[in-house]
Amino acid sequence: MIGSLKGSVESLGIDNCIIETAGGVGYRVFMPAAQLAQLTQGASVRLHIHTAVREDAIVLYGFLSREYYDLFELLLTISGVGPKMALGILSAVKPDAFYLAVQSRDIKVLTKLPGIGKKTAERLLLELKDKVGHVAAESGDSFGEAVAAGGSGAVAEAIEALASLGYSNSEIMPVIKKIEGAESKTSEEILKQTLRLMMKYFPADK
């Protein structure tokens, strides 16, 4: 099984590239759109690789960062989610945003992802609820900290009030993070500052 590839970008396609190794072998690798867009023809690159073995083909999926690779592998543990669907999800959302949607149980965000209907989204939440926090913490992203910050006290009260106004957790948590010293403020102060920021970031929706 191929676990990584190092070589130069020989060509770029819509959803894949050809990586030519030092030995002169070219490998076709499928990648998330945002990561594929970072490549330029002729550039040297090293990719984390997932090798999918099918009856009729061996397909390589590549990722520039371990963060994307780890989420891809995590998605494959969900029943009904195959490599193509997992790649589509990673082409539509960044890992930290996906982790945020899962931990905040924001089914509205999940159902906007390609191939994810309500039943699949519910299955994702059920099967990932005990896995996402651990993976997010290991990845070193700020998502885990953002959710933890809203776990109690004035911040939690402000989040509850914002939710009652119709904001989703995926909208609330990134904005809450922008408030300096939130842990030392009252819920009213946090709510007022957050609403001002909400009007700035989501003016058309609310």
# chains A, B, ... in the order shown; residues from 1 in each chain; ligands from 1

call {"tool": "residues_around", "arguments": {"residues": "A:Asp106", "least_positions_apart": "2", "cutoff": "12 Å", "atoms": "only C-alpha atoms", "output": "mmCIF file with all heavy atoms, in the first residue's frame"}}
result
data_model
loop_
_atom_site.group_PDB
_atom_site.id
_atom_site.type_symbol
_atom_site.label_atom_id
_atom_site.label_comp_id
_atom_site.auth_asym_id
_atom_site.auth_seq_id
_atom_site.Cartn_x
_atom_site.Cartn_y
_atom_site.Cartn_z
ATOM 1 N N ALA A 97 -13.826 23.450 10.298
ATOM 2 C CA ALA A 97 -15.244 23.782 10.174
ATOM 3 C C ALA A 97 -16.103 22.523 10.283
ATOM 4 O O ALA A 97 -17.197 22.554 10.862
ATOM 5 C CB ALA A 97 -15.509 24.488 8.856
ATOM 6 N N PHE A 98 -15.606 21.429 9.742
ATOM 7 C CA PHE A 98 -16.354 20.165 9.836
ATOM 8 C C PHE A 98 -16.409 19.703 11.286
ATOM 9 O O PHE A 98 -17.468 19.306 11.790
ATOM 10 C CB PHE A 98 -15.686 19.089 8.975
ATOM 11 C CG PHE A 98 -16.374 17.746 9.069
ATOM 12 C CD1 PHE A 98 -17.484 17.471 8.289
ATOM 13 C CD2 PHE A 98 -15.913 16.779 9.953
ATOM 14 C CE1 PHE A 98 -18.129 16.241 8.387
ATOM 15 C CE2 PHE A 98 -16.556 15.549 10.052
ATOM 16 C CZ PHE A 98 -17.654 15.279 9.263
ATOM 17 N N TYR A 99 -15.260 19.748 11.982
ATOM 18 C CA TYR A 99 -15.241 19.351 13.387
ATOM 19 C C TYR A 99 -16.191 20.218 14.211
ATOM 20 O O TYR A 99 -16.880 19.735 15.115
ATOM 21 C CB TYR A 99 -13.825 19.476 13.951
ATOM 22 C CG TYR A 99 -12.831 18.491 13.393
ATOM 23 C CD1 TYR A 99 -11.527 18.881 13.085
ATOM 24 C CD2 TYR A 99 -13.177 17.172 13.166
ATOM 25 C CE1 TYR A 99 -10.611 17.979 12.568
ATOM 26 C CE2 TYR A 99 -12.272 16.258 12.640
ATOM 27 C CZ TYR A 99 -10.987 16.669 12.350
ATOM 28 O OH TYR A 99 -10.076 15.779 11.845
ATOM 29 N N LEU A 100 -16.221 21.503 13.911
ATOM 30 C CA LEU A 100 -17.098 22.419 14.634
ATOM 31 C C LEU A 100 -18.560 22.048 14.427
ATOM 32 O O LEU A 100 -19.343 22.020 15.377
ATOM 33 C CB LEU A 100 -16.849 23.854 14.171
ATOM 34 C CG LEU A 100 -17.744 24.943 14.790
ATOM 35 C CD1 LEU A 100 -17.633 24.930 16.294
ATOM 36 C CD2 LEU A 100 -17.367 26.307 14.246
ATOM 37 N N ALA A 101 -18.922 21.741 13.182
ATOM 38 C CA ALA A 101 -20.302 21.374 12.881
ATOM 39 C C ALA A 101 -20.710 20.103 13.616
ATOM 40 O O ALA A 101 -21.826 19.989 14.124
ATOM 41 C CB ALA A 101 -20.480 21.193 11.375
ATOM 42 N N VAL A 102 -19.785 19.139 13.707
ATOM 43 C CA VAL A 102 -20.096 17.873 14.381
ATOM 44 C C VAL A 102 -20.204 18.060 15.888
ATOM 45 O O VAL A 102 -21.163 17.620 16.520
ATOM 46 C CB VAL A 102 -19.050 16.795 14.045
ATOM 47 C CG1 VAL A 102 -19.276 15.542 14.893
ATOM 48 C CG2 VAL A 102 -19.114 16.430 12.570
ATOM 49 N N GLN A 103 -19.233 18.734 16.479
ATOM 50 C CA GLN A 103 -19.274 18.894 17.927
ATOM 51 C C GLN A 103 -20.414 19.782 18.376
ATOM 52 O O GLN A 103 -20.941 19.621 19.466
ATOM 53 C CB GLN A 103 -17.935 19.418 18.455
ATOM 54 C CG GLN A 103 -16.896 18.334 18.609
ATOM 55 C CD GLN A 103 -15.966 18.596 19.782
ATOM 56 O OE1 GLN A 103 -16.015 19.610 20.454
ATOM 57 N NE2 GLN A 103 -15.085 17.653 20.049
ATOM 58 N N SER A 104 -20.805 20.738 17.549
ATOM 59 C CA SER A 104 -21.925 21.599 17.904
ATOM 60 C C SER A 104 -23.250 21.020 17.399
ATOM 61 O O SER A 104 -24.295 21.647 17.546
ATOM 62 C CB SER A 104 -21.730 23.004 17.320
ATOM 63 O OG SER A 104 -21.645 22.960 15.912
ATOM 64 N N LYS A 108 -27.660 21.434 10.076
ATOM 65 C CA LYS A 108 -27.925 22.314 8.924
ATOM 66 C C LYS A 108 -26.682 22.460 8.064
ATOM 67 O O LYS A 108 -26.760 22.452 6.831
ATOM 68 C CB LYS A 108 -28.402 23.675 9.421
ATOM 69 C CG LYS A 108 -28.745 24.659 8.301
ATOM 70 C CD LYS A 108 -29.367 25.925 8.853
ATOM 71 C CE LYS A 108 -28.374 26.753 9.640
ATOM 72 N NZ LYS A 108 -28.942 28.062 10.058
ATOM 73 N N VAL A 109 -25.528 22.604 8.705
ATOM 74 C CA VAL A 109 -24.273 22.738 7.969
ATOM 75 C C VAL A 109 -23.922 21.427 7.281
ATOM 76 O O VAL A 109 -23.521 21.404 6.111
ATOM 77 C CB VAL A 109 -23.133 23.166 8.911
ATOM 78 C CG1 VAL A 109 -21.781 23.052 8.213
ATOM 79 C CG2 VAL A 109 -23.346 24.592 9.392
ATOM 80 N N LEU A 110 -24.085 20.313 7.982
ATOM 81 C CA LEU A 110 -23.711 19.009 7.435
ATOM 82 C C LEU A 110 -24.539 18.651 6.207
ATOM 83 O O LEU A 110 -24.020 18.079 5.245
ATOM 84 C CB LEU A 110 -23.863 17.926 8.510
ATOM 85 C CG LEU A 110 -22.922 18.030 9.711
ATOM 86 C CD1 LEU A 110 -23.235 16.955 10.731
ATOM 87 C CD2 LEU A 110 -21.458 17.938 9.279
ATOM 88 N N THR A 111 -25.826 18.976 6.222
ATOM 89 C CA THR A 111 -26.674 18.611 5.083
ATOM 90 C C THR A 111 -26.414 19.463 3.843
ATOM 91 O O THR A 111 -26.935 19.168 2.772
ATOM 92 C CB THR A 111 -28.169 18.720 5.462
ATOM 93 O OG1 THR A 111 -28.436 20.016 6.018
ATOM 94 C CG2 THR A 111 -28.553 17.653 6.474
ATOM 95 N N LYS A 112 -25.605 20.502 3.986
ATOM 96 C CA LYS A 112 -25.219 21.305 2.819
ATOM 97 C C LYS A 112 -24.023 20.692 2.088
ATOM 98 O O LYS A 112 -23.687 21.108 0.978
ATOM 99 C CB LYS A 112 -24.871 22.734 3.255
ATOM 100 C CG LYS A 112 -26.071 23.547 3.716
ATOM 101 C CD LYS A 112 -25.650 24.950 4.120
ATOM 102 C CE LYS A 112 -26.850 25.780 4.582
ATOM 103 N NZ LYS A 112 -26.435 27.146 5.012
ATOM 104 N N LYS A 118 -30.191 14.250 5.361
ATOM 105 C CA LYS A 118 -30.477 14.313 6.787
ATOM 106 C C LYS A 118 -30.105 13.014 7.501
ATOM 107 O O LYS A 118 -29.509 13.032 8.584
ATOM 108 C CB LYS A 118 -31.949 14.628 7.020
ATOM 109 C CG LYS A 118 -32.290 14.850 8.489
ATOM 110 C CD LYS A 118 -33.739 15.246 8.672
ATOM 111 C CE LYS A 118 -34.043 15.453 10.157
ATOM 112 N NZ LYS A 118 -35.476 15.814 10.374
ATOM 113 N N ALA A 121 -26.359 12.706 7.735
ATOM 114 C CA ALA A 121 -25.861 13.683 8.713
ATOM 115 C C ALA A 121 -26.093 13.183 10.142
ATOM 116 O O ALA A 121 -25.224 13.305 11.005
ATOM 117 C CB ALA A 121 -26.549 15.027 8.498
ATOM 118 N N GLU A 122 -27.263 12.619 10.381
ATOM 119 C CA GLU A 122 -27.569 12.081 11.711
ATOM 120 C C GLU A 122 -26.641 10.921 12.048
ATOM 121 O O GLU A 122 -26.208 10.765 13.191
ATOM 122 C CB GLU A 122 -29.029 11.636 11.771
ATOM 123 C CG GLU A 122 -30.011 12.808 11.737
ATOM 124 C CD GLU A 122 -31.455 12.354 11.614
ATOM 125 O OE1 GLU A 122 -31.679 11.166 11.268
ATOM 126 O OE2 GLU A 122 -32.356 13.176 11.848
ATOM 127 N N LEU A 124 -23.591 10.561 10.847
ATOM 128 C CA LEU A 124 -22.288 11.174 11.107
ATOM 129 C C LEU A 124 -22.193 11.651 12.554
ATOM 130 O O LEU A 124 -21.202 11.399 13.245
ATOM 131 C CB LEU A 124 -22.067 12.365 10.168
ATOM 132 C CG LEU A 124 -21.602 12.076 8.743
ATOM 133 C CD1 LEU A 124 -21.688 13.340 7.911
ATOM 134 C CD2 LEU A 124 -20.179 11.550 8.736
ATOM 135 N N LEU A 125 -23.228 12.337 13.004
ATOM 136 C CA LEU A 125 -23.226 12.851 14.375
ATOM 137 C C LEU A 125 -23.172 11.713 15.388
ATOM 138 O O LEU A 125 -22.459 11.798 16.392
ATOM 139 C CB LEU A 125 -24.474 13.713 14.614
ATOM 140 C CG LEU A 125 -24.547 15.022 13.830
ATOM 141 C CD1 LEU A 125 -25.873 15.718 14.101
ATOM 142 C CD2 LEU A 125 -23.387 15.934 14.194
ATOM 143 N N ALA A 163 -28.639 31.275 20.406
ATOM 144 C CA ALA A 163 -29.318 30.159 19.753
ATOM 145 C C ALA A 163 -30.821 30.395 19.705
ATOM 146 O O ALA A 163 -31.490 30.057 18.726
ATOM 147 C CB ALA A 163 -29.002 28.857 20.478
ATOM 148 N N TYR A 167 -29.507 31.803 15.686
ATOM 149 C CA TYR A 167 -28.140 31.565 15.206
ATOM 150 C C TYR A 167 -27.744 30.121 15.486
ATOM 151 O O TYR A 167 -28.096 29.558 16.522
ATOM 152 C CB TYR A 167 -27.148 32.501 15.894
ATOM 153 C CG TYR A 167 -27.294 33.948 15.492
ATOM 154 C CD1 TYR A 167 -27.969 34.854 16.312
ATOM 155 C CD2 TYR A 167 -26.767 34.415 14.298
ATOM 156 C CE1 TYR A 167 -28.115 36.188 15.940
ATOM 157 C CE2 TYR A 167 -26.904 35.747 13.921
ATOM 158 C CZ TYR A 167 -27.574 36.625 14.754
ATOM 159 O OH TYR A 167 -27.714 37.927 14.378
ATOM 160 N N SER A 168 -27.014 29.528 14.565
ATOM 161 C CA SER A 168 -26.515 28.165 14.766
ATOM 162 C C SER A 168 -25.193 28.207 15.514
ATOM 163 O O SER A 168 -24.508 29.238 15.551
ATOM 164 C CB SER A 168 -26.314 27.466 13.415
ATOM 165 O OG SER A 168 -25.226 28.042 12.719
ATOM 166 N N ASN A 169 -24.823 27.074 16.106
ATOM 167 C CA ASN A 169 -23.553 27.006 16.836
ATOM 168 C C ASN A 169 -22.366 27.255 15.918
ATOM 169 O O ASN A 169 -21.343 27.803 16.342
ATOM 170 C CB ASN A 169 -23.401 25.644 17.530
ATOM 171 C CG ASN A 169 -24.224 25.564 18.803
ATOM 172 O OD1 ASN A 169 -24.670 26.573 19.324
ATOM 173 N ND2 ASN A 169 -24.440 24.358 19.291
ATOM 174 N N SER A 170 -22.498 26.848 14.654
ATOM 175 C CA SER A 170 -21.399 27.063 13.712
ATOM 176 C C SER A 170 -21.209 28.542 13.402
ATOM 177 O O SER A 170 -20.126 28.968 13.015
ATOM 178 C CB SER A 170 -21.656 26.291 12.408
ATOM 179 O OG SER A 170 -21.573 24.909 12.630
ATOM 180 N N GLU A 171 -22.263 29.340 13.580
ATOM 181 C CA GLU A 171 -22.142 30.787 13.414
ATOM 182 C C GLU A 171 -21.658 31.430 14.715
ATOM 183 O O GLU A 171 -20.857 32.362 14.703
ATOM 184 C CB GLU A 171 -23.506 31.381 13.029
ATOM 185 C CG GLU A 171 -23.988 30.965 11.649
ATOM 186 C CD GLU A 171 -25.425 31.393 11.381
ATOM 187 O OE1 GLU A 171 -26.210 31.489 12.350
ATOM 188 O OE2 GLU A 171 -25.756 31.617 10.209
ATOM 189 N N ILE A 172 -22.154 30.903 15.834
ATOM 190 C CA ILE A 172 -21.878 31.518 17.137
ATOM 191 C C ILE A 172 -20.432 31.344 17.582
ATOM 192 O O ILE A 172 -19.762 32.317 17.962
ATOM 193 C CB ILE A 172 -22.811 30.936 18.220
ATOM 194 C CG1 ILE A 172 -24.267 31.297 17.924
ATOM 195 C CG2 ILE A 172 -22.413 31.453 19.613
ATOM 196 C CD1 ILE A 172 -25.269 30.545 18.776
ATOM 197 N N MET A 173 -19.924 30.118 17.550
ATOM 198 C CA MET A 173 -18.629 29.829 18.175
ATOM 199 C C MET A 173 -17.461 30.616 17.580
ATOM 200 O O MET A 173 -16.640 31.163 18.327
ATOM 201 C CB MET A 173 -18.341 28.322 18.124
ATOM 202 C CG MET A 173 -19.299 27.480 18.953
ATOM 203 S SD MET A 173 -19.473 28.050 20.669
ATOM 204 C CE MET A 173 -17.804 27.832 21.261
#

call {"tool": "residues_around", "arguments": {"residues": "A:Glu73", "least_positions_apart": "5", "cutoff": "9 Å", "atoms": "only C-alpha atoms", "output": "PDB file with N, CA, C and O atoms, in the first residue's frame"}}
result
ATOM      1  N   HIS A  50      -3.851   7.929   0.730  1.00  0.00           N
ATOM      2  CA  HIS A  50      -4.740   6.817   1.074  1.00  0.00           C
ATOM      3  C   HIS A  50      -4.903   5.974  -0.182  1.00  0.00           C
ATOM      4  O   HIS A  50      -5.260   6.501  -1.246  1.00  0.00           O
ATOM      5  N   TYR A  68      -6.006  17.129   6.788  1.00  0.00           N
ATOM      6  CA  TYR A  68      -6.956  16.665   5.788  1.00  0.00           C
ATOM      7  C   TYR A  68      -6.945  15.142   5.688  1.00  0.00           C
ATOM      8  O   TYR A  68      -7.999  14.511   5.562  1.00  0.00           O
ATOM      9  N   PRO A  83     -14.662   6.639  -0.296  1.00  0.00           N
ATOM     10  CA  PRO A  83     -13.629   7.622  -0.643  1.00  0.00           C
ATOM     11  C   PRO A  83     -14.129   8.793  -1.472  1.00  0.00           C
ATOM     12  O   PRO A  83     -13.751   9.936  -1.226  1.00  0.00           O
ATOM     13  N   ALA A  86     -16.139  11.103   0.778  1.00  0.00           N
ATOM     14  CA  ALA A  86     -15.228  11.753   1.724  1.00  0.00           C
ATOM     15  C   ALA A  86     -14.436  12.859   1.023  1.00  0.00           C
ATOM     16  O   ALA A  86     -14.239  13.941   1.590  1.00  0.00           O
TER      17      ALA A  86
END

call {"tool": "residues_around", "arguments": {"residues": "A:Leu113", "least_positions_apart": "6", "cutoff": "9 Å", "atoms": "only C-alpha atoms", "output": "list of chain:residue names"}}
result
A:Gly88, A:Ile89, A:Ala92, A:Val93

call {"tool": "residues_around", "arguments": {"residues": "A:Leu197", "least_positions_apart": "2", "cutoff": "10 Å", "atoms": "only C-alpha atoms", "output": "VMD selection string"}}
result
chain A and resid 172 175 to 176 178 to 179 191 to 195 199 to 203

call {"tool": "atom_distance", "arguments": {"atom1": "atom CA of A:Val155", "atom2": "atom CA of A:Lys177"}}
result
10.3 Å

call {"tool": "residues_around", "arguments": {"residues": "A:Arg66", "least_positions_apart": "4", "cutoff": "10 Å", "atoms": "only C-alpha atoms", "output": "PyMOL selection string"}}
result
chain A and resi 47-49+70-72+139

call {"tool": "atom_distance", "arguments": {"atom1": "atom CA of A:Leu5", "atom2": "atom CA of A:Tyr27"}}
result
8.7 Å

call {"tool": "residues_around", "arguments": {"residues": "A:Val25", "least_positions_apart": "6", "cutoff": "12 Å", "atoms": "only C-alpha atoms", "output": "PyMOL selection string"}}
result
chain A and resi 5-10+18-19

call {"tool": "write_last_selection", "arguments": {"atoms": "N, CA and C atoms", "output": "PDB file, in the first residue's frame"}}
result
ATOM      1  N   LEU A   5       3.728   9.990  -1.156  1.00  0.00           N
ATOM      2  CA  LEU A   5       4.376  10.161  -2.446  1.00  0.00           C
ATOM      3  C   LEU A   5       5.168  11.456  -2.433  1.00  0.00           C
ATOM      4  N   LYS A   6       6.383  11.386  -2.984  1.00  0.00           N
ATOM      5  CA  LYS A   6       7.194  12.581  -3.114  1.00  0.00           C
ATOM      6  C   LYS A   6       7.682  12.664  -4.555  1.00  0.00           C
ATOM      7  N   GLY A   7       7.441  13.807  -5.170  1.00  0.00           N
ATOM      8  CA  GLY A   7       7.858  13.965  -6.559  1.00  0.00           C
ATOM      9  C   GLY A   7       7.475  15.334  -7.076  1.00  0.00           C
ATOM     10  N   SER A   8       7.387  15.464  -8.386  1.00  0.00           N
ATOM     11  CA  SER A   8       7.030  16.741  -9.001  1.00  0.00           C
ATOM     12  C   SER A   8       5.665  16.625  -9.662  1.00  0.00           C
ATOM     13  N   VAL A   9       4.984  17.740  -9.733  1.00  0.00           N
ATOM     14  CA  VAL A   9       3.656  17.777 -10.343  1.00  0.00           C
ATOM     15  C   VAL A   9       3.808  17.798 -11.863  1.00  0.00           C
ATOM     16  N   GLU A  10       3.449  16.707 -12.506  1.00  0.00           N
ATOM     17  CA  GLU A  10       3.587  16.614 -13.962  1.00  0.00           C
ATOM     18  C   GLU A  10       2.418  17.290 -14.667  1.00  0.00           C
ATOM     19  N   ILE A  18      -1.064  14.405 -11.615  1.00  0.00           N
ATOM     20  CA  ILE A  18      -0.091  13.335 -11.849  1.00  0.00           C
ATOM     21  C   ILE A  18       1.193  13.721 -11.129  1.00  0.00           C
ATOM     22  N   ILE A  19       1.625  12.887 -10.211  1.00  0.00           N
ATOM     23  CA  ILE A  19       2.874  13.101  -9.490  1.00  0.00           C
ATOM     24  C   ILE A  19       3.928  12.152 -10.038  1.00  0.00           C
TER      25      ILE A  19
END

call {"tool": "atom_distance", "arguments": {"atom1": "atom CA of A:Glu180", "atom2": "atom CA of A:Glu157"}}
result
16.9 Å

call {"tool": "select_by_dssp", "arguments": {"residues": "stretch 1-104 of chain A", "states": "strand (DSSP E)", "output": "VMD selection string"}}
result
chain A and resid 4 to 12 16 to 20 26 to 30 44 to 53 58 to 63

call {"tool": "write_last_selection", "arguments": {"atoms": "N, CA and C atoms", "output": "mmCIF file, in the first residue's frame"}}
result
data_model
loop_
_atom_site.group_PDB
_atom_site.id
_atom_site.type_symbol
_atom_site.label_atom_id
_atom_site.label_comp_id
_atom_site.auth_asym_id
_atom_site.auth_seq_id
_atom_site.Cartn_x
_atom_site.Cartn_y
_atom_site.Cartn_z
ATOM 1 N N SER A 4 2.667 7.429 1.156
ATOM 2 C CA SER A 4 3.046 8.803 0.834
ATOM 3 C C SER A 4 3.725 8.819 -0.524
ATOM 4 N N LEU A 5 3.728 9.990 -1.156
ATOM 5 C CA LEU A 5 4.376 10.161 -2.446
ATOM 6 C C LEU A 5 5.168 11.456 -2.433
ATOM 7 N N LYS A 6 6.383 11.386 -2.984
ATOM 8 C CA LYS A 6 7.194 12.581 -3.114
ATOM 9 C C LYS A 6 7.682 12.664 -4.555
ATOM 10 N N GLY A 7 7.441 13.807 -5.170
ATOM 11 C CA GLY A 7 7.858 13.965 -6.559
ATOM 12 C C GLY A 7 7.475 15.334 -7.076
ATOM 13 N N SER A 8 7.387 15.464 -8.386
ATOM 14 C CA SER A 8 7.030 16.741 -9.001
ATOM 15 C C SER A 8 5.665 16.625 -9.662
ATOM 16 N N VAL A 9 4.984 17.740 -9.733
ATOM 17 C CA VAL A 9 3.656 17.777 -10.343
ATOM 18 C C VAL A 9 3.808 17.798 -11.863
ATOM 19 N N GLU A 10 3.449 16.707 -12.506
ATOM 20 C CA GLU A 10 3.587 16.614 -13.962
ATOM 21 C C GLU A 10 2.418 17.290 -14.667
ATOM 22 N N SER A 11 1.217 17.097 -14.141
ATOM 23 C CA SER A 11 0.046 17.714 -14.757
ATOM 24 C C SER A 11 -1.054 17.880 -13.714
ATOM 25 N N LEU A 12 -1.990 18.793 -14.001
ATOM 26 C CA LEU A 12 -3.103 19.072 -13.091
ATOM 27 C C LEU A 12 -4.417 18.889 -13.826
ATOM 28 N N ASN A 16 -7.753 15.891 -9.940
ATOM 29 C CA ASN A 16 -6.591 15.033 -9.718
ATOM 30 C C ASN A 16 -5.344 15.645 -10.320
ATOM 31 N N CYS A 17 -4.222 15.067 -9.972
ATOM 32 C CA CYS A 17 -2.942 15.475 -10.562
ATOM 33 C C CYS A 17 -2.100 14.238 -10.818
ATOM 34 N N ILE A 18 -1.064 14.405 -11.615
ATOM 35 C CA ILE A 18 -0.091 13.335 -11.849
ATOM 36 C C ILE A 18 1.193 13.721 -11.129
ATOM 37 N N ILE A 19 1.625 12.887 -10.211
ATOM 38 C CA ILE A 19 2.874 13.101 -9.490
ATOM 39 C C ILE A 19 3.928 12.152 -10.038
ATOM 40 N N GLU A 20 5.003 12.707 -10.563
ATOM 41 C CA GLU A 20 6.082 11.885 -11.108
ATOM 42 C C GLU A 20 7.199 11.776 -10.074
ATOM 43 N N GLY A 26 4.748 7.954 -12.959
ATOM 44 C CA GLY A 26 3.721 8.963 -12.710
ATOM 45 C C GLY A 26 2.498 8.347 -12.061
ATOM 46 N N TYR A 27 2.077 8.907 -10.952
ATOM 47 C CA TYR A 27 0.910 8.403 -10.222
ATOM 48 C C TYR A 27 -0.225 9.423 -10.304
ATOM 49 N N ARG A 28 -1.409 8.946 -10.677
ATOM 50 C CA ARG A 28 -2.581 9.820 -10.668
ATOM 51 C C ARG A 28 -3.144 9.846 -9.246
ATOM 52 N N VAL A 29 -3.296 11.045 -8.701
ATOM 53 C CA VAL A 29 -3.750 11.202 -7.318
ATOM 54 C C VAL A 29 -4.948 12.150 -7.286
ATOM 55 N N PHE A 30 -6.032 11.700 -6.667
ATOM 56 C CA PHE A 30 -7.223 12.530 -6.506
ATOM 57 C C PHE A 30 -7.094 13.321 -5.204
ATOM 58 N N SER A 44 7.754 20.678 -6.671
ATOM 59 C CA SER A 44 8.003 19.489 -5.861
ATOM 60 C C SER A 44 6.956 19.411 -4.763
ATOM 61 N N VAL A 45 6.515 18.221 -4.463
ATOM 62 C CA VAL A 45 5.442 18.066 -3.484
ATOM 63 C C VAL A 45 5.566 16.728 -2.768
ATOM 64 N N ARG A 46 5.088 16.696 -1.541
ATOM 65 C CA ARG A 46 5.011 15.442 -0.797
ATOM 66 C C ARG A 46 3.577 15.301 -0.307
ATOM 67 N N LEU A 47 2.946 14.175 -0.592
ATOM 68 C CA LEU A 47 1.549 13.973 -0.253
ATOM 69 C C LEU A 47 1.360 12.793 0.694
ATOM 70 N N HIS A 48 0.434 12.958 1.644
ATOM 71 C CA HIS A 48 -0.056 11.829 2.424
ATOM 72 C C HIS A 48 -1.046 11.089 1.535
ATOM 73 N N ILE A 49 -0.919 9.790 1.445
ATOM 74 C CA ILE A 49 -1.714 9.023 0.491
ATOM 75 C C ILE A 49 -2.596 7.976 1.179
ATOM 76 N N HIS A 50 -3.851 7.929 0.730
ATOM 77 C CA HIS A 50 -4.740 6.817 1.074
ATOM 78 C C HIS A 50 -4.903 5.974 -0.182
ATOM 79 N N THR A 51 -4.618 4.683 -0.098
ATOM 80 C CA THR A 51 -4.744 3.774 -1.236
ATOM 81 C C THR A 51 -6.042 2.998 -1.124
ATOM 82 N N ALA A 52 -6.947 3.211 -2.073
ATOM 83 C CA ALA A 52 -8.222 2.499 -2.097
ATOM 84 C C ALA A 52 -8.140 1.381 -3.132
ATOM 85 N N VAL A 53 -8.303 0.159 -2.660
ATOM 86 C CA VAL A 53 -8.220 -0.998 -3.552
ATOM 87 C C VAL A 53 -9.620 -1.491 -3.888
ATOM 88 N N ILE A 58 -6.979 0.444 -8.524
ATOM 89 C CA ILE A 58 -6.329 0.930 -7.298
ATOM 90 C C ILE A 58 -6.282 2.445 -7.426
ATOM 91 N N VAL A 59 -6.963 3.137 -6.517
ATOM 92 C CA VAL A 59 -7.120 4.590 -6.609
ATOM 93 C C VAL A 59 -6.382 5.256 -5.456
ATOM 94 N N LEU A 60 -5.618 6.307 -5.789
ATOM 95 C CA LEU A 60 -4.860 7.035 -4.781
ATOM 96 C C LEU A 60 -5.540 8.369 -4.468
ATOM 97 N N TYR A 61 -5.653 8.667 -3.174
ATOM 98 C CA TYR A 61 -6.182 9.951 -2.709
ATOM 99 C C TYR A 61 -5.085 10.647 -1.918
ATOM 100 N N GLY A 62 -4.793 11.899 -2.283
ATOM 101 C CA GLY A 62 -3.654 12.581 -1.680
ATOM 102 C C GLY A 62 -4.024 13.858 -0.946
ATOM 103 N N PHE A 63 -3.175 14.191 0.057
ATOM 104 C CA PHE A 63 -3.434 15.357 0.902
ATOM 105 C C PHE A 63 -2.122 16.024 1.271
#

call {"tool": "select_by_dssp", "arguments": {"residues": "stretch 10-177 of chain A", "states": "helix (DSSP H, G or I)", "output": "number ranges by chain"}}
result
A: 33-36, 66-75, 83-92, 95-103, 107-110, 118-128, 132-139, 143-149, 153-164, 169-176
